[in-house]
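Note: the block below is protein-v5.cif and it holds mmCIF, C-alpha atoms.
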data_structure
#
loop_
_atom_site.label_atom_id
_atom_site.label_comp_id
_atom_site.auth_asym_id
_atom_site.auth_seq_id
_atom_site.Cartn_x
_atom_site.Cartn_y
_atom_site.Cartn_z
CA MET R 1 -2.44 11.05 -31.63
CA ARG R 2 1.00 12.26 -30.52
CA ILE R 3 2.11 13.12 -26.99
CA LEU R 4 5.46 14.68 -26.09
CA PHE R 5 6.43 14.18 -22.43
CA ILE R 6 9.48 16.11 -21.25
CA SER R 7 10.51 14.51 -17.98
CA SER R 8 13.37 14.91 -15.54
CA THR R 9 17.12 14.42 -15.49
CA ARG R 10 17.25 12.56 -12.17
CA ILE R 11 15.93 9.04 -11.70
CA GLY R 12 13.81 9.85 -8.65
CA ASP R 13 11.98 12.74 -10.30
CA ALA R 14 11.50 10.67 -13.45
CA VAL R 15 9.95 7.83 -11.43
CA LEU R 16 7.58 10.24 -9.71
CA SER R 17 6.44 11.45 -13.14
CA THR R 18 5.44 7.96 -14.29
CA GLY R 19 2.02 8.19 -12.64
CA LEU R 20 1.18 11.23 -14.74
CA LEU R 21 2.46 9.50 -17.85
CA ASP R 22 0.52 6.33 -17.05
CA HIS R 23 -2.64 8.44 -16.69
CA LEU R 24 -2.10 9.93 -20.14
CA ILE R 25 -1.52 6.51 -21.68
CA ARG R 26 -4.68 5.09 -20.12
CA THR R 27 -6.71 8.15 -21.15
CA HIS R 28 -5.36 8.03 -24.72
CA PRO R 29 -4.60 4.31 -25.28
CA HIS R 30 -3.87 4.69 -29.01
CA ALA R 31 -1.52 7.66 -28.68
CA LYS R 32 2.13 7.46 -29.61
CA VAL R 33 4.28 8.89 -26.84
CA ALA R 34 7.75 10.43 -27.14
CA VAL R 35 9.64 10.87 -23.87
CA ALA R 36 12.51 13.29 -23.39
CA CYS R 37 14.67 12.71 -20.30
CA GLY R 38 18.21 12.78 -18.97
CA PRO R 39 20.68 9.92 -19.61
CA ALA R 40 20.40 8.49 -16.08
CA ALA R 41 16.59 8.30 -16.27
CA GLU R 42 16.33 6.64 -19.68
CA GLY R 43 15.77 3.18 -18.22
CA VAL R 44 12.73 4.35 -16.24
CA PHE R 45 10.82 4.54 -19.53
CA ALA R 46 12.45 1.65 -21.42
CA ARG R 47 9.49 -0.75 -20.96
CA MET R 48 6.76 1.90 -21.09
CA PRO R 49 3.71 0.96 -23.21
CA ASN R 50 2.94 3.17 -26.23
CA ARG R 51 6.47 4.56 -26.26
CA ALA R 52 7.29 5.68 -29.78
CA TRP R 53 10.84 6.68 -28.88
CA THR R 54 12.98 8.16 -26.12
CA ILE R 55 15.00 11.33 -26.64
CA VAL R 56 17.98 11.45 -24.29
CA LEU R 57 18.84 15.03 -23.36
CA ALA R 58 22.40 15.31 -22.13
CA LYS R 59 22.97 18.82 -20.76
CA ARG R 60 25.18 20.95 -22.97
CA ARG R 61 26.74 24.39 -22.65
CA PHE R 62 24.61 27.38 -23.58
CA ARG R 63 21.52 25.16 -23.27
CA LEU R 64 22.23 23.60 -26.65
CA HIS R 65 20.42 20.45 -25.51
CA TRP R 66 17.18 22.30 -26.19
CA TRP R 67 18.30 22.83 -29.78
CA GLU R 68 18.93 19.10 -30.06
CA LEU R 69 15.40 18.44 -28.79
CA TRP R 70 14.00 20.93 -31.32
CA ARG R 71 15.73 19.03 -34.11
CA GLU R 72 13.94 15.87 -32.96
CA VAL R 73 10.43 17.21 -32.35
CA GLY R 74 10.11 20.78 -33.64
CA ARG R 75 8.84 19.96 -37.12
CA GLN R 76 5.88 17.92 -35.91
CA ARG R 77 2.53 18.89 -34.51
CA TRP R 78 1.74 17.46 -31.08
CA ASP R 79 -1.69 16.89 -29.63
CA ILE R 80 -0.38 17.17 -26.06
CA VAL R 81 2.94 18.53 -24.78
CA VAL R 82 3.84 18.07 -21.10
CA ASP R 83 6.96 19.87 -19.91
CA LEU R 84 8.01 19.05 -16.35
CA ARG R 85 11.18 21.16 -16.58
CA GLY R 86 9.29 24.47 -16.55
CA SER R 87 10.98 25.72 -19.71
CA ALA R 88 9.65 27.90 -22.52
CA PHE R 89 10.23 25.07 -24.98
CA ALA R 90 6.61 23.84 -25.04
CA TRP R 91 5.46 27.26 -26.28
CA MET R 92 7.72 26.97 -29.31
CA LEU R 93 5.94 23.86 -30.59
CA ARG R 94 2.76 23.44 -32.55
CA ALA R 95 0.52 21.77 -29.99
CA GLY R 96 -3.15 21.25 -29.22
CA GLN R 97 -2.63 21.35 -25.46
CA ARG R 98 0.35 22.39 -23.36
CA PHE R 99 0.96 21.59 -19.71
CA VAL R 100 4.06 23.30 -18.33
CA MET R 101 5.28 22.84 -14.76
CA ARG R 102 5.89 26.05 -12.87
CA GLY R 103 9.55 26.52 -12.01
CA GLY R 104 11.05 27.03 -8.56
CA ARG R 105 10.45 25.30 -5.25
CA GLN R 106 6.82 24.76 -4.28
CA LYS R 107 5.33 23.68 -0.96
CA GLY R 108 4.07 20.13 -0.62
CA HIS R 109 4.99 16.84 -2.22
CA ARG R 110 6.33 16.68 -5.75
CA LEU R 111 3.58 14.21 -6.65
CA THR R 112 0.92 16.76 -5.72
CA HIS R 113 2.53 19.32 -8.02
CA LEU R 114 2.53 16.80 -10.86
CA GLY R 115 -1.12 15.92 -10.38
CA ALA R 116 -2.13 19.58 -10.25
CA LEU R 117 -0.59 20.10 -13.68
CA LEU R 118 -3.41 18.03 -15.20
CA GLY R 119 -5.98 18.87 -12.52
CA LEU R 120 -5.76 15.42 -10.91
CA ASP R 121 -6.60 15.16 -7.20
CA PRO R 122 -5.49 12.79 -5.78
CA PRO R 123 -2.48 12.59 -8.07
CA PRO R 124 -1.80 9.25 -9.77
CA LEU R 125 0.81 7.11 -8.03
CA PRO R 126 4.06 6.24 -9.80
CA VAL R 127 4.34 2.95 -11.68
CA ALA R 128 7.31 0.73 -12.57
CA TRP R 129 7.52 -0.86 -16.01
CA PHE R 130 9.40 -4.13 -16.55
CA ASN R 131 8.80 -7.25 -18.66
CA ALA R 132 9.00 -11.03 -18.47
CA ALA R 133 12.73 -11.09 -19.28
CA ASP R 134 13.39 -8.68 -16.40
CA ARG R 135 11.35 -10.91 -14.07
CA ALA R 136 13.32 -13.96 -15.17
CA ARG R 137 16.60 -12.16 -14.53
CA ALA R 138 15.40 -11.16 -11.06
CA ALA R 139 14.28 -14.71 -10.29
CA ALA R 140 17.71 -16.04 -11.26
CA LEU R 141 19.46 -13.51 -9.05
CA LEU R 142 17.05 -13.84 -6.12
CA PRO R 143 15.96 -17.50 -6.07
CA GLY R 144 13.10 -18.71 -3.90
CA GLU R 145 10.03 -16.84 -2.75
CA GLY R 146 9.94 -13.05 -2.36
CA GLY R 147 9.84 -13.26 1.43
CA LEU R 148 13.40 -14.55 1.41
CA TRP R 149 14.92 -11.23 0.30
CA ILE R 150 15.32 -7.71 1.70
CA ALA R 151 16.52 -5.08 -0.77
CA LEU R 152 18.96 -2.56 0.69
CA GLY R 153 19.84 0.80 -0.88
CA PRO R 154 22.84 2.07 1.13
CA THR R 155 23.93 4.60 -1.53
CA ALA R 156 22.78 8.02 -2.76
CA ASN R 157 23.88 10.74 -5.16
CA TRP R 158 25.16 12.78 -2.19
CA ASP R 159 27.10 11.39 0.75
CA ARG R 160 25.25 13.58 3.28
CA LYS R 161 22.07 11.60 2.50
CA VAL R 162 23.70 8.26 3.35
CA TRP R 163 22.83 6.48 6.61
CA PRO R 164 25.89 4.90 8.28
CA ALA R 165 26.69 1.47 6.87
CA ASP R 166 26.90 -0.21 10.29
CA ARG R 167 23.28 0.75 10.96
CA PHE R 168 22.12 -0.76 7.68
CA VAL R 169 23.84 -3.97 8.78
CA ALA R 170 22.36 -3.86 12.28
CA LEU R 171 18.88 -3.17 10.92
CA PHE R 172 19.11 -6.08 8.50
CA ARG R 173 20.25 -8.43 11.27
CA ALA R 174 17.43 -7.31 13.56
CA LEU R 175 14.81 -7.88 10.85
CA THR R 176 16.14 -11.33 9.97
CA ALA R 177 16.99 -12.74 13.41
CA PRO R 178 15.12 -15.86 14.63
CA GLY R 179 11.55 -14.89 15.48
CA ALA R 180 11.81 -11.58 13.59
CA PRO R 181 9.34 -10.66 10.81
CA LEU R 182 11.74 -11.71 8.02
CA ALA R 183 13.74 -14.37 9.82
CA GLY R 184 16.32 -16.01 7.59
CA ALA R 185 16.02 -13.55 4.71
CA ARG R 186 19.02 -12.55 2.62
CA ALA R 187 19.98 -9.09 1.36
CA ALA R 188 19.96 -7.83 -2.22
CA VAL R 189 22.27 -4.79 -2.11
CA LEU R 190 21.49 -2.28 -4.85
CA GLY R 191 23.10 0.92 -6.08
CA GLY R 192 23.97 2.85 -9.18
CA PRO R 193 26.99 2.50 -11.46
CA GLY R 194 30.37 4.03 -10.69
CA ALA R 195 33.10 3.91 -8.08
CA GLN R 196 31.36 6.27 -5.65
CA GLU R 197 28.25 4.10 -5.33
CA ALA R 198 30.36 0.94 -5.05
CA ALA R 199 32.39 2.51 -2.23
CA MET R 200 29.22 3.43 -0.31
CA ALA R 201 27.87 -0.11 -0.57
CA ALA R 202 31.17 -1.92 0.11
CA PRO R 203 31.04 -1.85 3.95
CA VAL R 204 27.51 -3.31 3.96
CA LEU R 205 28.49 -6.08 1.55
CA ALA R 206 31.64 -6.88 3.52
CA ALA R 207 29.75 -7.11 6.82
CA LEU R 208 26.95 -9.30 5.48
CA GLY R 209 29.19 -11.68 3.55
CA ASP R 210 27.37 -14.63 2.00
CA ARG R 211 24.03 -13.36 3.32
CA ALA R 212 24.07 -10.66 0.63
CA VAL R 213 24.20 -10.56 -3.16
CA ASP R 214 26.04 -7.65 -4.76
CA LEU R 215 23.88 -6.00 -7.44
CA VAL R 216 25.43 -2.52 -7.23
CA GLY R 217 25.70 -1.05 -10.73
CA ARG R 218 25.11 -4.42 -12.39
CA LEU R 219 21.52 -4.15 -13.60
CA SER R 220 19.41 -2.04 -15.93
CA LEU R 221 16.65 -0.01 -14.29
CA PRO R 222 13.88 -2.39 -15.48
CA GLU R 223 15.85 -5.30 -13.99
CA VAL R 224 16.25 -3.34 -10.75
CA ALA R 225 12.48 -2.78 -10.69
CA ALA R 226 11.92 -6.53 -11.11
CA VAL R 227 14.35 -7.26 -8.25
CA LEU R 228 12.56 -4.77 -6.03
CA ALA R 229 9.16 -6.24 -6.90
CA ARG R 230 10.49 -9.65 -5.85
CA SER R 231 11.65 -8.40 -2.44
CA ALA R 232 9.68 -8.48 0.80
CA LEU R 233 10.99 -5.07 1.90
CA PHE R 234 13.20 -2.24 0.68
CA VAL R 235 15.18 -0.04 3.08
CA GLY R 236 17.23 2.76 1.61
CA ASN R 237 18.36 6.36 1.60
CA ASP R 238 16.40 9.06 -0.21
CA SER R 239 17.29 8.16 -3.80
CA GLY R 240 15.93 7.08 -7.16
CA LEU R 241 16.02 3.49 -5.91
CA MET R 242 13.67 4.39 -3.07
CA HIS R 243 11.15 5.93 -5.46
CA LEU R 244 11.43 3.00 -7.87
CA SER R 245 10.80 0.55 -5.04
CA ALA R 246 7.66 2.41 -3.95
CA ALA R 247 6.45 2.38 -7.56
CA THR R 248 6.67 -1.44 -7.69
CA GLY R 249 4.37 -1.78 -4.67
CA THR R 250 7.07 -3.34 -2.49
CA PRO R 251 6.95 -2.17 1.16
CA THR R 252 9.42 0.71 1.08
CA LEU R 253 11.14 2.46 3.97
CA GLY R 254 12.87 5.73 3.05
CA LEU R 255 15.56 7.15 5.34
CA PHE R 256 15.73 10.95 5.47
CA GLY R 257 18.22 13.46 6.84
CA PRO R 258 19.18 16.57 4.86
CA SER R 259 16.48 16.20 2.19
CA ARG R 260 12.89 17.31 2.74
CA VAL R 261 10.57 14.41 3.52
CA GLU R 262 7.48 16.55 2.87
CA GLU R 263 8.63 16.97 -0.74
CA TYR R 264 10.19 13.60 -1.54
CA ALA R 265 8.77 10.90 0.73
CA PRO R 266 8.31 7.63 -1.20
CA ALA R 267 4.95 7.62 -2.97
CA GLY R 268 3.08 4.33 -3.01
CA ARG R 269 0.49 2.19 -1.28
CA ARG R 270 2.98 0.62 1.15
CA THR R 271 5.53 3.17 2.23
CA ALA R 272 7.01 4.64 5.40
CA THR R 273 9.78 7.02 6.39
CA ALA R 274 12.26 7.33 9.21
CA VAL R 275 13.40 10.92 9.62
CA ALA R 276 16.49 12.12 11.48
CA PRO R 277 15.98 14.64 14.29
CA GLY R 278 16.58 18.15 13.02
CA SER R 279 15.92 17.19 9.41
CA PRO R 280 16.45 18.75 6.90
CA ALA R 281 19.67 19.98 8.52
CA LEU R 282 22.81 19.35 6.50
CA ASP R 283 24.49 16.93 8.90
CA SER R 284 21.38 15.38 10.43
CA MET R 285 21.64 11.87 8.95
CA PRO R 286 23.89 10.40 11.70
CA GLY R 287 21.16 11.35 14.21
CA LEU R 288 18.73 8.81 12.74
CA THR R 289 18.89 5.93 15.21
CA LEU R 290 18.69 2.23 14.56
CA GLU R 291 15.71 2.04 16.94
CA ALA R 292 13.73 4.63 14.94
CA ALA R 293 14.39 2.89 11.62
CA LEU R 294 13.58 -0.53 13.07
CA ALA R 295 10.28 0.70 14.50
CA ALA R 296 9.33 2.19 11.12
CA ALA R 297 10.25 -1.03 9.30
CA GLN R 298 8.29 -3.19 11.73
CA GLY R 299 5.26 -0.92 11.43
CA LEU R 300 5.42 -1.20 7.65
CA LEU R 301 5.64 -4.99 7.80
CA ASP R 302 2.78 -5.14 10.29
CA ARG R 303 0.59 -3.16 7.88
CA ARG R 304 1.55 -5.51 5.06
CA ALA R 305 0.61 -8.54 7.16
CA ALA R 306 -2.72 -7.00 8.14
CA ALA R 307 -3.53 -6.22 4.50
#

The structure given in the file should be rewritten as structure tokens.
Amino acid sequence: MRILFISSTRIGDAVLSTGLLDHLIRTHPHAKVAVACGPAAEGVFARMPNRAWTIVLAKRRFRLHWWELWREVGRQRWDIVVDLRGSAFAWMLRAGQRFVMRGGRQKGHRLTHLGALLGLDPPPLPVAWFNAADRARAAALLPGEGGLWIALGPTANWDRKVWPADRFVALFRALTAPGAPLAGARAAVLGGPGAQEAAMAAPVLAALGDRAVDLVGRLSLPEVAAVLARSALFVGNDSGLMHLSAATGTPTLGLFGPSRVEEYAPAGRRTATAVAPGSPALDSMPGLTLEAALAAAQGLLDRRAAA
């Protein structure tokens, strides 16, 4: 059996799609699955079971990337084609079943839209795939027990979504002070590759000094997932990292300003959000107070302790 799964360009959307993909794999355990995705999201699927191959779709002028995909998959017959990009491409293939996401903005959470595509209610939660080598790498970078580390995601793909660095530092210090829920913990600071992400994370790393380890742009996505799974808590801006953290099952606090929390809140069993007043206004992120984020983080940790 062959399944073609056309996923997203962005890491966050790709992570959210993993629950749907995991459902298909469990329903058809002997199927061979081909995944098409953008270059940034490739690592989301690198450790996926039943993956026959990944087709990396780099956007090209005149939509020539679709021609490249046709060259890879157009001569085969597929039992199931899932197209999350809402294109006409799925209708050009020989397929037993086609599931094509409707284009345009829809009300409600992205995960609900994904589940509805296959008639799944509730929708399956995202998953994070990583292996023993990724776990070993994470253990070497974050020695000791998981309770000793807080993962911080002070970057995003858009600077308007970034919470001020001094508040990340103040929140970390409040959570790790003597008598606090994670007293004595250190910070694992995460971010994507490139100078822009490094610049966003630099003030946090400078302020925390030897209490933080710099992992910004230094790990593959499966290694990042293993680091997140080893952490006691993740706090970060609305980003792919936030969604990946929620997928690992780590308590995850997402910080929201200009993006819509009702569409992109972290999806997982242990998640919370802190939302700036006036959100989703363009310049709302500075209005998110330290007190609001700290209360959300403490509530999340209290629920973890109770569980």

Quiz item: In Å, how far is it from atom CA of R:Val15 to atom CA of R:Phe130?
Solution: 13.0 Å

Practice problem: Write out as a VMD selection string each polymer residue whose atoms come within 8 Å of R:Val227, counting all atoms listed in the file; drop sequence neighbours fewer than 2 positions from it. | Solution: chain R and resid 135 138 to 139 142 223 to 225 229 to 231

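Within 12 Å of the point (7.3, -10.5, 11.1), counting all atoms listed in the file, the protein and nucleic acid residues come to Gly147, Ala174, Leu175, Thr176, Ala177, Pro178, Gly179, Ala180, Pro181, Leu182, Ala183, Gly184, Ala185, Ala232, Leu233, Leu294, Ala297, Gln298, Gly299, Leu300, Leu301, Asp302, Arg303, Arg304, Ala305 and Ala306 of chain R.
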
Exercise. List the residues selected by the PyMOL selection byres ((chain R and resi 79-90) around 6) in the file shown, writing them as a VMD selection string.
Key: chain R and resid 2 to 7 78 91 to 93 95 to 103

Self-check item: Residue nearest R:Ala267 - candidates R:Ala156, R:Leu253, R:Ala151, R:Leu215, atoms counted: all atoms listed in the file
Solution: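 Closest to R:Ala267, using all atoms listed in the file: R:Leu253.
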
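Here the question is which of R:Leu241, R:Arg60, R:Val73, R:Gly287 gets nearest to R:Phe256 using all atoms listed in the file, and that residue is R:Gly287.
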
Self-check item: Chain and number of each residue from the PyMOL selection byres ((chain R and resi 37-53) around 8), as a ChimeraX atom specification
Solution: /R:6-11,14-15,25,29-36,54-59,128-131,220-222

Quiz item: Between R:Gly144, R:Arg26, R:Trp149, R:Pro123, which one has atoms that come closest to R:His109, using all atoms listed in the file?
Solution: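 Once distances to R:His109 are computed over all atoms listed in the file, the minimum belongs to R:Pro123.
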
Practice problem: Please provide as a PyMOL selection string all residues within 12 Å of R:His23, with the sequence filter that same-chain residues fewer than 3 positions apart are discarded (counting all atoms listed in the file). | Solution: chain R and resi 17-20+26-29+49+114-115+118-120+123-127

Quiz item: Quick one: distance from atom CA of R:Pro193 to atom CA of R:Pro154 in Å, one decimal?
Solution: 13.3 Å

Practice problem: Would you mind reading off the distance between atom CA of R:Arg110 and atom CA of R:Leu255, one decimal, in Å? | Solution: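 Atom-to-atom, atom CA of R:Arg110 to atom CA of R:Leu255, that is 17.3 Å.
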
Quiz item: Applied to the shown file, which residues does the PyMOL selection byres ((chain R and resi 201) around 9) return, written as a PyMOL selection string?
Solution: chain R and resi 153-155+165+189-191+196-200+202-206+214+216

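Between R:Arg105 and the residues R:Thr273, R:Leu288, R:Arg260, R:Leu208, the shortest atom-to-atom distance, using all atoms listed in the file, involves R:Arg260.
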
Quiz item: Which is closest to R:Pro266 among R:Gly192, R:Gly240, R:Pro286, R:Pro280, if we use all atoms listed in the file?
Solution: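 Of the candidates, the smallest distance to R:Pro266 is held by R:Gly240.
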
Exercise. Within 7 Å of (20.2, -6.0, 3.3) (coordinates as in the file), grab all the protein and nucleic acid residues, counting only C-alpha atoms, and write them out as a list in words.
Key: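 Checking each residue against the 7 Å limit leaves Ile150, Ala151, Leu152, Val169, Phe172, Arg186, Ala187, Ala188, Val189 and Ala212 of chain R.
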
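Closest approach to R:Ala133 among R:Ala226, R:Gln76, R:Glu291, R:Met242: R:Ala226, based on only C-alpha atoms.
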